[in-house]
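This report refers to the structure that appears directly beneath it.
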There are 2 protein chains.
Amino acid sequence: MKNLEGGILKRVNIGICGLGTVGSGTFNVLKRNVDEINARANSQIEITHIGARRENPLCDTAGIKVSRDIFDVANDPDVDILVELIGGTSVALDLISQALRNGKHVVTANKALIAEHGNTLFELAREHKATLSFEAAVAGGIPIISALREGLAANKVEWLAGIINGTGNFILTEMRDKGREFADVLAQAQELGYAEADPTFDVEGIDAAHKLVILAAIAFGAPLQFDKVFTEGISNVLPEDLTYAQDLGYQIKHLGIARRRDSGGIELRVHPTLVPSAQLIANVDGVMNAVLVKGDAVGSTLYYGPGAGSEATASAVIADIVRVSRSIGVASDNHIPHLGSIDSKLQEPYVLPITEVETAYYLRMSVLDRPGVLSTVTQILSDAGISIEALVQKEPNEGEPHVPVILLTSRAIEKRLVGAIEEIEKLDTISDKIVRIRVEHLN
Amino acid sequence: MKNLEGGILKRVNIGICGLGTVGSGTFNVLKRNVDEINARANSQIEITHIGARRENPLCDTAGIKVSRDIFDVANDPDVDILVELIGGTSVALDLISQALRNGKHVVTANKALIAEHGNTLFELAREHKATLSFEAAVAGGIPIISALREGLAANKVEWLAGIINGTGNFILTEMRDKGREFADVLAQAQELGYAEADPTFDVEGIDAAHKLVILAAIAFGAPLQFDKVFTEGISNVLPEDLTYAQDLGYQIKHLGIARRRDSGGIELRVHPTLVPSAQLIANVDGVMNAVLVKGDAVGSTLYYGPGAGSEATASAVIADIVRVSRSIGVASDNHIPHLGSIDSKLQEPYVLPITEVETAYYLRMSVLDRPGVLSTVTQILSDAGISIEALVQKEPNEGEPHVPVILLTSRAIEKRLVGAIEEIEKLDTISDKIVRIRVEHLN
């Protein structure tokens with residue numbers, strides 16, 4: 001095949017480390033679509049070395065060098081791009097570091113590694129004039145990293161909000177549609193292979209926090225700040241909250257939210273969130289992911305697609321391979337900076353503690369069904385400067401003296417709301433803890 | 001400001017031709033976000049020359065060279081990137097050709113020009129080792145060109161479907177939500193400035209066809225084939241069709257659809273289309289745009305945002321300026337090919353005539369309210385190999401012997417369906433022409 005200038009295509013050798021779900025997808029898509037991919041990359045891309053502890057029957061590796069020690073790939077002088085798909089933050093860190101020190105470009109789908117060690121790794125890449133690409137680390141097959149880094153390069157990003165964990169979104173969707181309990185749906189998600197045996201990363205929002213930190217760094221031109229993210233999981237959301245929210249015109253989604261504050265600083269938070277049903281992102285159901293970005297010039301744009309899966313994630317990995325292949329031989333000044341802005345311009349913004357964040361709230365409380373009780377509640381909120389946008393009192397269960405009352409509040413600084421809730425919970429007309437879920441209108 | 005390597009930033013001089021809606025947006029966003037943009041481009045981007053027949057009070061051009069003759073910009077040896085924002089296909093063609101011949105890179109938002117003359121212009125650009133970028137030509141601020149060209153580079157694209165004309169989508173949304181007639185809403189759209197005085201381009205689907213052709217060329221690795229697109233407008237859609245469709249669980253959207261057929265060839269068509277309401281794209285309302293793309297590896301991804309507007313379109317223009325700035329000094333072999341694949345690999349596929357296209361159909365007919373009539377209709381369809389998925393008979397208007405009957409059919413080759421319709425229309429129990437709208441499930 002000839003290149004643009006009529007010469008022979010540049011040869012690019014790929015070493016893939018890890019032949020699991022994403023590794024096998026990458027291997028097979030690269031083989032299946034080799035003609036299209038080479039025509040796009042203007043290169044002849046070949047898999048020349050596989051590093052994997054064991055074979056994967058889904059991959060026909062005949063004729064390709066296979067090493068049981070993945071570091072053999074990092075040290076193989078013929079490999080131009082090392083593709084790290086083993087996951088985790090210990091061996092993967094050593095492997096990528098070794099590859100970069102050897103001057104290889106690296107492509108990874110490893111969000112935990114980028115979120116927690118990206119700053120160090122980008123520095124190492126820069127020293128060795130190599131690139132470290134990570135499109136697949138956020139939202140699987142959705143090209144959200146390049147959209148933020150390049151597509152929206154004209155904008156000051158005001159905020160972004162994403163459904164960036166498919167397992168959590170699947171659980172919330174099932175709970176809402178079938179009235180099932182969290183634990184019950186989680187067990188099903190584990191059976192289906194959506195959730196890990198230890199589901200903490202997914203349902204407690206740690207996985208989403210990893211991805212949010214990466215998106216925020218690019219959006220705001222800042223280093224990665226994983227230790228600053230506020231994280232709240234979905235394990236306490238009840239099916240009735242999903243239904244009550246829906247009746248009020250909202251859906252509850254587990255969102256990662258990053259927002260630049262006019263008064264300075266940024267917010268970085270993952271938590272269950274009520275979103276108006278009329279918003280497109282509120283209609284993203286099941287295992288699908290979506291990221292909504294508000295830029296000062298473009299306004300709101302949304303990117304939707306599968307956030308996980310073998311070939312969906314492979315699609316993003318290979319997009320990076322194509323991009324890196326094209327950039328081989330190009331001076332590093334002409335490369336796209338890892339976090340979208342050149343390093344000397346990255347600024348570390350102050351991340352607000354959650355107590356300083358302002359949102360509206362959904363409150364559900366169990367109130368003694370007696371005149372005057374609600375006026376005491378609304379008075380306490382009013383004294384804290386919080387007004388009520390909607391109030392619904394449900395029917396009591398038979399023989400139950402308390403009724404569920406749902407409130408939607410105006411926007412308030414979290415610490416003021418927490419103070420008011422503490423006061424309300426002291427009332428002997430209120431039983432149980434008050435359930436509190438943040439509300440975002442995303443406009 | 002210093003670049004990655006610690007040297008002085010590369011200076012890139014921009015000449016903007018046209019200071020209308022998009023031109024002024026580009027001018028002002030470039031000025032307002034200069035720090036962020038330069039940090040992303042790793043360049044010092046300066047507007048050094050404006051070509052415009054008149055001043056725009058929205059733009060402070062003090063200190064910048066302004067020419068009344070836009071060709072002065074194309075001939076200015078100091079200009080690195082010419083930004084064409086005058087629109088149209090005559091002067092713009094000459095202007096861009098001149099700039100490319102002078103070795104300048106060109107950025108344009110001109111979909112008609114790219115769709116109709118892109119093949120020639122890309123060839124000219126290649127000869128002069130220049131690039132011609134056109135992210136803003138499709139779907140305004142949504143970075144769909146780069147998503148297709150780079151983000152989905154791993155995929156064989158199976159099909160794509162887009163709401164790519166905001167005016168048309170605004171009209172259909174208003175008709176549905178308010179039960180208003182087409183002509184009435186069109187007049188309002190013109191007042192609001194959404195539609196041109198001559199609305200033909202928008203409502204007859206020509207504007208959408210321009211954009212579809214560009215998307216399809218990139219998706220399928222093919223030259224631009226504007227003369228092959230089938231186009232049907234929305235001026236015959238009635239408010240009741242929107243309502244009937246909604247009752248059946250569908251929305252009517254004016255879609256541009258490109259599909260690769262397993263049996264060879266591609267489909268290129270713009271027409272009103274019923275889409276299941278559960279599809280995210282069916283919920284894209286008002287002037288917003290969205291493009292849904294199905295790739296063999298990634299599955300379905302969707303890109304949503306404003307398809308027009310001053311700063312929204314400027315966002316895409318500037319994304320191109322950043323991309324081109326970064327590529328200055330890079331060998332053309334390392335550039336992203338104009339249509340995503342290197343020219344030598346572009347293949348011109350056969351475009352199927354609409355009579356050979358297979359879709360499902362929504363049919364509305366006016367039927368004499370008498371036993372046996374519907375069985376004749378269904379028999380004719382059945383004889384043509386077309387089965388009925390849903391049938392709704394509406395109440396007759398008072399004193400009216402005919403009742404509206406709505407049918408949803410199975411998938412059928414268009415010419416078979418047309419033949420059956422001709423037969424049904426011959427029945428004296430059927431009054432008026434049968435209304436026929438294509439249905440796509442997009443999965």
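Simple scheme: letters A, B, ... for chains in structure tokens order, numbers from 1 for residues in each chain, numbers from 1 for ligands in the order shown.
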Within 6 Å of chain B, which residues of chain A show up when using only C-alpha atoms, listed as a compact mmCIF listing (two decimals) with N, CA and C atoms, in the first residue's frame?
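Now in selection-v6.txt:
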# COMPACT_ATOMS: atom_id res chain seq x y z
N LEU A 4 0.28 8.87 1.30
CA LEU A 4 -0.18 10.09 0.63
C LEU A 4 0.80 10.57 -0.43
N ILE A 37 -8.41 0.55 8.95
CA ILE A 37 -7.58 1.20 9.97
C ILE A 37 -6.28 1.72 9.36
N ALA A 39 -5.78 2.54 6.27
CA ALA A 39 -6.09 3.66 5.37
C ALA A 39 -6.31 4.94 6.17
N ARG A 40 -6.84 4.81 7.36
CA ARG A 40 -7.05 6.00 8.19
C ARG A 40 -5.75 6.47 8.83
N GLY A 141 -16.29 3.33 24.61
CA GLY A 141 -16.20 3.63 23.19
C GLY A 141 -16.53 5.05 22.79
N PRO A 143 -15.83 8.74 22.18
CA PRO A 143 -14.58 9.50 22.06
C PRO A 143 -14.64 10.82 22.82
N GLY A 151 -12.13 18.81 20.20
CA GLY A 151 -13.39 19.30 19.64
C GLY A 151 -13.89 20.56 20.32
N ALA A 153 -11.89 22.71 21.98
CA ALA A 153 -10.69 23.48 22.34
C ALA A 153 -10.91 24.99 22.37
N ALA A 154 -11.99 25.47 21.75
CA ALA A 154 -12.26 26.92 21.73
C ALA A 154 -12.87 27.41 23.03
N ALA A 297 -18.64 28.89 24.64
CA ALA A 297 -18.97 29.25 23.25
C ALA A 297 -20.02 28.31 22.68
N VAL A 298 -19.82 27.02 22.82
CA VAL A 298 -20.68 26.06 22.11
C VAL A 298 -22.02 25.85 22.80
N SER A 300 -24.29 23.53 25.32
CA SER A 300 -24.27 22.15 25.80
C SER A 300 -24.12 21.16 24.65
N THR A 301 -23.18 20.24 24.77
CA THR A 301 -23.09 19.12 23.84
C THR A 301 -23.07 17.84 24.67
N LEU A 302 -23.59 16.77 24.08
CA LEU A 302 -23.66 15.50 24.80
C LEU A 302 -23.09 14.38 23.94
N TYR A 303 -22.40 13.45 24.60
CA TYR A 303 -21.73 12.33 23.95
C TYR A 303 -22.22 11.06 24.62
N TYR A 304 -22.77 10.16 23.82
CA TYR A 304 -23.47 8.99 24.35
C TYR A 304 -22.98 7.72 23.69
N GLY A 305 -22.90 6.65 24.45
CA GLY A 305 -22.52 5.37 23.86
C GLY A 305 -22.23 4.33 24.92
N GLU A 311 -15.39 -4.95 22.45
CA GLU A 311 -15.06 -4.23 21.22
C GLU A 311 -15.38 -2.74 21.32
N ALA A 312 -16.32 -2.36 22.19
CA ALA A 312 -16.60 -0.94 22.36
C ALA A 312 -15.38 -0.24 22.94
N SER A 315 -12.57 -0.09 20.48
CA SER A 315 -12.73 0.99 19.49
C SER A 315 -11.95 2.23 19.92
N ILE A 318 -8.11 1.56 19.79
CA ILE A 318 -7.57 1.59 18.42
C ILE A 318 -7.57 3.02 17.87
N ALA A 319 -8.57 3.82 18.25
CA ALA A 319 -8.53 5.24 17.85
C ALA A 319 -7.23 5.87 18.32
N ARG A 326 -0.06 8.02 13.53
CA ARG A 326 0.06 9.20 12.67
C ARG A 326 1.09 10.18 13.21
N ASP A 333 6.45 18.98 20.05
CA ASP A 333 5.74 20.26 20.13
C ASP A 333 4.44 20.26 19.35
N ASN A 334 4.34 19.38 18.38
CA ASN A 334 3.15 19.32 17.55
C ASN A 334 2.15 18.26 18.00
N GLY A 340 -4.61 18.21 27.20
CA GLY A 340 -5.26 19.19 26.33
C GLY A 340 -4.55 20.52 26.28
N SER A 341 -3.92 20.93 27.37
CA SER A 341 -3.17 22.20 27.40
C SER A 341 -1.71 21.89 27.69
N ILE A 342 -0.81 22.73 27.18
CA ILE A 342 0.61 22.47 27.41
C ILE A 342 0.89 22.56 28.91
* In segment 37-165 of chain A, what's helix (DSSP H, G or I) per DSSP? Answer as a ChimeraX atom specification? -> /A:37-41,71-74,91-101,111-127,135-137,144-151
* Asked: Within 8 Å of Ala137 of chain B, counting only C-alpha atoms, which residues qualify if same-chain residues fewer than 5 places away don't, as a list in words?
  -> Thr108, Ala109, Asn110, Lys111, Ile114 and Lys211 of chain B
What does the file look like for those residues with C-alpha atoms, as an mmCIF file, in the first residue's frame?
data_model
loop_
_atom_site.group_PDB
_atom_site.id
_atom_site.type_symbol
_atom_site.label_atom_id
_atom_site.label_comp_id
_atom_site.auth_asym_id
_atom_site.auth_seq_id
_atom_site.Cartn_x
_atom_site.Cartn_y
_atom_site.Cartn_z
ATOM 1 C CA THR B 108 -14.411 26.674 6.496
ATOM 2 C CA ALA B 109 -17.957 26.211 7.807
ATOM 3 C CA ASN B 110 -19.306 25.963 4.267
ATOM 4 C CA LYS B 111 -21.225 22.692 3.889
ATOM 5 C CA ILE B 114 -17.568 21.017 0.674
ATOM 6 C CA LYS B 211 -24.203 17.529 5.526
#
* **Point-to-point distance from atom CA of Val439 of chain B to atom CA of Ala420 of chain B, Å rounded to tenths** =>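 About the pair atom CA of Val439 of chain B and atom CA of Ala420 of chain B: they are 17.1 Å apart.
Of the residues listed (A:Ala115, A:Val83, A:Ala74, A:Leu19), A:Leu19 shows the shortest atom-to-atom separation from Cys59 of chain A; distances use only C-alpha atoms.
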* **Residue contacts of Leu85 of chain B (6 Å, only C-alpha atoms) excluding same-chain residues fewer than 4 positions away, as JSON, numbers by chain** => {"B": [17, 18, 23]}
* **Long-range neighbours of Ile434 of chain A as an MDAnalysis selection string, 12 Å cut-off, only C-alpha atoms, 2 positions minimum in chain** => chainID A and resid 236 361:367 377 404:407 417:418 420:427 430:432 436:437
Write the residues you've just listed into a file as a PDB file, in the first residue's frame, and include N, CA and C atoms for each of them.
ATOM      1  N   ASN A 236     -27.657   3.431  48.930  1.00  0.00           N
ATOM      2  CA  ASN A 236     -28.754   3.852  49.817  1.00  0.00           C
ATOM      3  C   ASN A 236     -29.995   4.352  49.066  1.00  0.00           C
ATOM      4  N   TYR A 361     -32.143  20.340  46.373  1.00  0.00           N
ATOM      5  CA  TYR A 361     -32.232  19.045  47.051  1.00  0.00           C
ATOM      6  C   TYR A 361     -33.609  18.416  46.954  1.00  0.00           C
ATOM      7  N   TYR A 362     -33.583  17.099  46.920  1.00  0.00           N
ATOM      8  CA  TYR A 362     -34.771  16.255  47.109  1.00  0.00           C
ATOM      9  C   TYR A 362     -34.672  15.732  48.530  1.00  0.00           C
ATOM     10  N   LEU A 363     -35.720  15.947  49.319  1.00  0.00           N
ATOM     11  CA  LEU A 363     -35.733  15.442  50.696  1.00  0.00           C
ATOM     12  C   LEU A 363     -36.936  14.522  50.859  1.00  0.00           C
ATOM     13  N   ARG A 364     -36.700  13.394  51.483  1.00  0.00           N
ATOM     14  CA  ARG A 364     -37.838  12.527  51.830  1.00  0.00           C
ATOM     15  C   ARG A 364     -37.812  12.291  53.332  1.00  0.00           C
ATOM     16  N   MET A 365     -38.917  12.627  53.990  1.00  0.00           N
ATOM     17  CA  MET A 365     -38.963  12.446  55.433  1.00  0.00           C
ATOM     18  C   MET A 365     -40.255  11.761  55.838  1.00  0.00           C
ATOM     19  N   SER A 366     -40.210  11.163  56.992  1.00  0.00           N
ATOM     20  CA  SER A 366     -41.345  10.415  57.502  1.00  0.00           C
ATOM     21  C   SER A 366     -41.971  11.280  58.592  1.00  0.00           C
ATOM     22  N   VAL A 367     -43.159  11.790  58.308  1.00  0.00           N
ATOM     23  CA  VAL A 367     -43.736  12.856  59.130  1.00  0.00           C
ATOM     24  C   VAL A 367     -45.010  12.354  59.805  1.00  0.00           C
ATOM     25  N   VAL A 377     -41.597  22.237  59.770  1.00  0.00           N
ATOM     26  CA  VAL A 377     -40.504  21.834  58.874  1.00  0.00           C
ATOM     27  C   VAL A 377     -40.156  22.960  57.903  1.00  0.00           C
ATOM     28  N   PRO A 404     -44.931   9.519  54.268  1.00  0.00           N
ATOM     29  CA  PRO A 404     -43.766  10.049  53.555  1.00  0.00           C
ATOM     30  C   PRO A 404     -44.104  11.419  52.959  1.00  0.00           C
ATOM     31  N   VAL A 405     -43.198  12.370  53.169  1.00  0.00           N
ATOM     32  CA  VAL A 405     -43.340  13.695  52.561  1.00  0.00           C
ATOM     33  C   VAL A 405     -42.092  13.954  51.720  1.00  0.00           C
ATOM     34  N   ILE A 406     -42.327  14.369  50.474  1.00  0.00           N
ATOM     35  CA  ILE A 406     -41.219  14.655  49.561  1.00  0.00           C
ATOM     36  C   ILE A 406     -41.153  16.160  49.349  1.00  0.00           C
ATOM     37  N   LEU A 407     -39.960  16.716  49.477  1.00  0.00           N
ATOM     38  CA  LEU A 407     -39.747  18.146  49.237  1.00  0.00           C
ATOM     39  C   LEU A 407     -38.695  18.333  48.160  1.00  0.00           C
ATOM     40  N   LEU A 417     -28.020  23.456  54.415  1.00  0.00           N
ATOM     41  CA  LEU A 417     -29.067  22.436  54.329  1.00  0.00           C
ATOM     42  C   LEU A 417     -28.845  21.360  55.378  1.00  0.00           C
ATOM     43  N   VAL A 418     -27.581  20.946  55.555  1.00  0.00           N
ATOM     44  CA  VAL A 418     -27.277  19.906  56.547  1.00  0.00           C
ATOM     45  C   VAL A 418     -27.691  20.385  57.934  1.00  0.00           C
ATOM     46  N   ALA A 420     -30.066  22.543  58.667  1.00  0.00           N
ATOM     47  CA  ALA A 420     -31.532  22.536  58.753  1.00  0.00           C
ATOM     48  C   ALA A 420     -32.053  21.114  58.939  1.00  0.00           C
ATOM     49  N   ILE A 421     -31.444  20.174  58.253  1.00  0.00           N
ATOM     50  CA  ILE A 421     -31.882  18.770  58.371  1.00  0.00           C
ATOM     51  C   ILE A 421     -31.667  18.262  59.794  1.00  0.00           C
ATOM     52  N   GLU A 422     -30.533  18.622  60.352  1.00  0.00           N
ATOM     53  CA  GLU A 422     -30.273  18.190  61.737  1.00  0.00           C
ATOM     54  C   GLU A 422     -31.361  18.701  62.668  1.00  0.00           C
ATOM     55  N   GLU A 423     -31.771  19.939  62.444  1.00  0.00           N
ATOM     56  CA  GLU A 423     -32.831  20.509  63.298  1.00  0.00           C
ATOM     57  C   GLU A 423     -34.153  19.780  63.081  1.00  0.00           C
ATOM     58  N   ILE A 424     -34.453  19.521  61.835  1.00  0.00           N
ATOM     59  CA  ILE A 424     -35.729  18.841  61.537  1.00  0.00           C
ATOM     60  C   ILE A 424     -35.740  17.440  62.146  1.00  0.00           C
ATOM     61  N   GLU A 425     -34.598  16.767  62.063  1.00  0.00           N
ATOM     62  CA  GLU A 425     -34.545  15.394  62.591  1.00  0.00           C
ATOM     63  C   GLU A 425     -34.737  15.357  64.103  1.00  0.00           C
ATOM     64  N   LYS A 426     -34.504  16.491  64.762  1.00  0.00           N
ATOM     65  CA  LYS A 426     -34.698  16.531  66.214  1.00  0.00           C
ATOM     66  C   LYS A 426     -36.172  16.571  66.596  1.00  0.00           C
ATOM     67  N   LEU A 427     -37.032  16.961  65.649  1.00  0.00           N
ATOM     68  CA  LEU A 427     -38.468  17.063  65.956  1.00  0.00           C
ATOM     69  C   LEU A 427     -39.010  15.675  66.278  1.00  0.00           C
ATOM     70  N   ILE A 430     -40.989  13.749  63.532  1.00  0.00           N
ATOM     71  CA  ILE A 430     -40.274  13.162  62.376  1.00  0.00           C
ATOM     72  C   ILE A 430     -39.639  11.857  62.832  1.00  0.00           C
ATOM     73  N   SER A 431     -39.921  10.778  62.104  1.00  0.00           N
ATOM     74  CA  SER A 431     -39.252   9.522  62.468  1.00  0.00           C
ATOM     75  C   SER A 431     -38.188   9.217  61.417  1.00  0.00           C
ATOM     76  N   ASP A 432     -37.214   8.454  61.770  1.00  0.00           N
ATOM     77  CA  ASP A 432     -36.128   8.033  60.864  1.00  0.00           C
ATOM     78  C   ASP A 432     -35.270   9.232  60.403  1.00  0.00           C
ATOM     79  N   ARG A 436     -31.780  12.445  51.574  1.00  0.00           N
ATOM     80  CA  ARG A 436     -31.412  13.695  50.910  1.00  0.00           C
ATOM     81  C   ARG A 436     -30.655  13.350  49.635  1.00  0.00           C
ATOM     82  N   ILE A 437     -31.150  13.794  48.488  1.00  0.00           N
ATOM     83  CA  ILE A 437     -30.469  13.565  47.209  1.00  0.00           C
ATOM     84  C   ILE A 437     -30.343  14.902  46.489  1.00  0.00           C
TER      85      ILE A 437
END
* Name the residues in contact with Val357 of chain A at a cut-off of 12 Å, using only C-alpha atoms, excluding same-chain residues fewer than 6 positions from it; report them as a list of chain:residue names. =>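 Surrounding residues, per the criterion: A:Phe230, A:Ile257, A:Ala258, A:Arg259, A:Arg260, A:Arg261, A:Ser263, A:Gly265, A:Ile266, A:Glu267, A:Leu268, A:Arg269, A:Val351, A:Arg411, A:Ala412, A:Ile413, A:Glu414, A:Lys415, A:Arg416, A:Leu417, A:Val418, A:Arg438, A:Val439, A:Glu440.
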Could you dump the residues just selected with N, CA and C atoms as a PDB file, in the first residue's frame?
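What follows is the written file again_26.pdb:
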ATOM      1  N   PHE A 230     -15.239  14.342  45.870  1.00  0.00           N
ATOM      2  CA  PHE A 230     -16.258  13.880  46.815  1.00  0.00           C
ATOM      3  C   PHE A 230     -17.021  12.740  46.160  1.00  0.00           C
ATOM      4  N   ILE A 257     -19.851  15.048  38.444  1.00  0.00           N
ATOM      5  CA  ILE A 257     -20.044  16.453  38.083  1.00  0.00           C
ATOM      6  C   ILE A 257     -18.782  17.246  38.385  1.00  0.00           C
ATOM      7  N   ALA A 258     -18.333  18.025  37.419  1.00  0.00           N
ATOM      8  CA  ALA A 258     -17.215  18.950  37.624  1.00  0.00           C
ATOM      9  C   ALA A 258     -17.698  20.322  37.194  1.00  0.00           C
ATOM     10  N   ARG A 259     -17.500  21.307  38.057  1.00  0.00           N
ATOM     11  CA  ARG A 259     -18.020  22.628  37.752  1.00  0.00           C
ATOM     12  C   ARG A 259     -16.997  23.695  38.141  1.00  0.00           C
ATOM     13  N   ARG A 260     -16.821  24.648  37.259  1.00  0.00           N
ATOM     14  CA  ARG A 260     -15.966  25.799  37.547  1.00  0.00           C
ATOM     15  C   ARG A 260     -16.843  26.846  38.214  1.00  0.00           C
ATOM     16  N   ARG A 261     -16.431  27.347  39.360  1.00  0.00           N
ATOM     17  CA  ARG A 261     -17.253  28.322  40.067  1.00  0.00           C
ATOM     18  C   ARG A 261     -16.839  29.740  39.680  1.00  0.00           C
ATOM     19  N   SER A 263     -16.908  32.238  41.433  1.00  0.00           N
ATOM     20  CA  SER A 263     -16.185  32.844  42.558  1.00  0.00           C
ATOM     21  C   SER A 263     -14.810  32.215  42.762  1.00  0.00           C
ATOM     22  N   GLY A 265     -12.276  28.424  42.082  1.00  0.00           N
ATOM     23  CA  GLY A 265     -12.332  27.040  42.518  1.00  0.00           C
ATOM     24  C   GLY A 265     -13.218  26.191  41.632  1.00  0.00           C
ATOM     25  N   ILE A 266     -13.131  24.912  41.848  1.00  0.00           N
ATOM     26  CA  ILE A 266     -13.969  23.980  41.096  1.00  0.00           C
ATOM     27  C   ILE A 266     -14.626  22.981  42.052  1.00  0.00           C
ATOM     28  N   GLU A 267     -15.701  22.388  41.574  1.00  0.00           N
ATOM     29  CA  GLU A 267     -16.362  21.302  42.294  1.00  0.00           C
ATOM     30  C   GLU A 267     -16.044  20.001  41.576  1.00  0.00           C
ATOM     31  N   LEU A 268     -15.801  18.950  42.347  1.00  0.00           N
ATOM     32  CA  LEU A 268     -15.543  17.608  41.796  1.00  0.00           C
ATOM     33  C   LEU A 268     -16.332  16.637  42.645  1.00  0.00           C
ATOM     34  N   ARG A 269     -17.416  16.082  42.098  1.00  0.00           N
ATOM     35  CA  ARG A 269     -18.267  15.258  42.965  1.00  0.00           C
ATOM     36  C   ARG A 269     -19.011  14.182  42.187  1.00  0.00           C
ATOM     37  N   VAL A 351     -10.229  22.942  44.996  1.00  0.00           N
ATOM     38  CA  VAL A 351     -11.423  22.103  44.907  1.00  0.00           C
ATOM     39  C   VAL A 351     -12.269  22.348  46.155  1.00  0.00           C
ATOM     40  N   ARG A 411     -31.986  26.128  45.533  1.00  0.00           N
ATOM     41  CA  ARG A 411     -30.548  25.903  45.658  1.00  0.00           C
ATOM     42  C   ARG A 411     -30.071  26.436  47.000  1.00  0.00           C
ATOM     43  N   ALA A 412     -29.178  25.684  47.640  1.00  0.00           N
ATOM     44  CA  ALA A 412     -28.653  26.102  48.933  1.00  0.00           C
ATOM     45  C   ALA A 412     -27.255  25.542  49.113  1.00  0.00           C
ATOM     46  N   ILE A 413     -26.428  26.270  49.859  1.00  0.00           N
ATOM     47  CA  ILE A 413     -25.103  25.761  50.203  1.00  0.00           C
ATOM     48  C   ILE A 413     -25.312  24.545  51.107  1.00  0.00           C
ATOM     49  N   GLU A 414     -24.547  23.479  50.812  1.00  0.00           N
ATOM     50  CA  GLU A 414     -24.799  22.206  51.482  1.00  0.00           C
ATOM     51  C   GLU A 414     -24.770  22.320  53.004  1.00  0.00           C
ATOM     52  N   LYS A 415     -23.834  23.078  53.554  1.00  0.00           N
ATOM     53  CA  LYS A 415     -23.740  23.095  55.017  1.00  0.00           C
ATOM     54  C   LYS A 415     -24.972  23.728  55.646  1.00  0.00           C
ATOM     55  N   ARG A 416     -25.611  24.658  54.940  1.00  0.00           N
ATOM     56  CA  ARG A 416     -26.835  25.259  55.483  1.00  0.00           C
ATOM     57  C   ARG A 416     -27.943  24.217  55.494  1.00  0.00           C
ATOM     58  N   LEU A 417     -28.020  23.456  54.415  1.00  0.00           N
ATOM     59  CA  LEU A 417     -29.067  22.436  54.329  1.00  0.00           C
ATOM     60  C   LEU A 417     -28.845  21.360  55.378  1.00  0.00           C
ATOM     61  N   VAL A 418     -27.581  20.946  55.555  1.00  0.00           N
ATOM     62  CA  VAL A 418     -27.277  19.906  56.547  1.00  0.00           C
ATOM     63  C   VAL A 418     -27.691  20.385  57.934  1.00  0.00           C
ATOM     64  N   ARG A 438     -29.184  15.171  45.951  1.00  0.00           N
ATOM     65  CA  ARG A 438     -28.943  16.462  45.299  1.00  0.00           C
ATOM     66  C   ARG A 438     -29.685  16.538  43.964  1.00  0.00           C
ATOM     67  N   VAL A 439     -30.043  17.738  43.567  1.00  0.00           N
ATOM     68  CA  VAL A 439     -30.787  17.967  42.329  1.00  0.00           C
ATOM     69  C   VAL A 439     -29.974  18.915  41.448  1.00  0.00           C
ATOM     70  N   GLU A 440     -29.822  18.576  40.164  1.00  0.00           N
ATOM     71  CA  GLU A 440     -29.132  19.473  39.226  1.00  0.00           C
ATOM     72  C   GLU A 440     -30.012  19.665  37.992  1.00  0.00           C
TER      73      GLU A 440
END
* atom CA of Gly264 of chain A to atom CA of Glu356 of chain A: how many Å, to one decimal? ->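 It comes out at 12.1 Å.
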* Asked: Any idea what's packed within 6 Å of Ala130 of chain A, counting only C-alpha atoms, ignoring anything in its chain fewer than 5 positions away? Could you give it as a ChimeraX atom specification?
  -> /A:103,105,125
* To do: Provide the atom CA of Ala139 of chain B to atom CA of Ala161 of chain A distance in Å, to one decimal place.
  => 21.6 Å
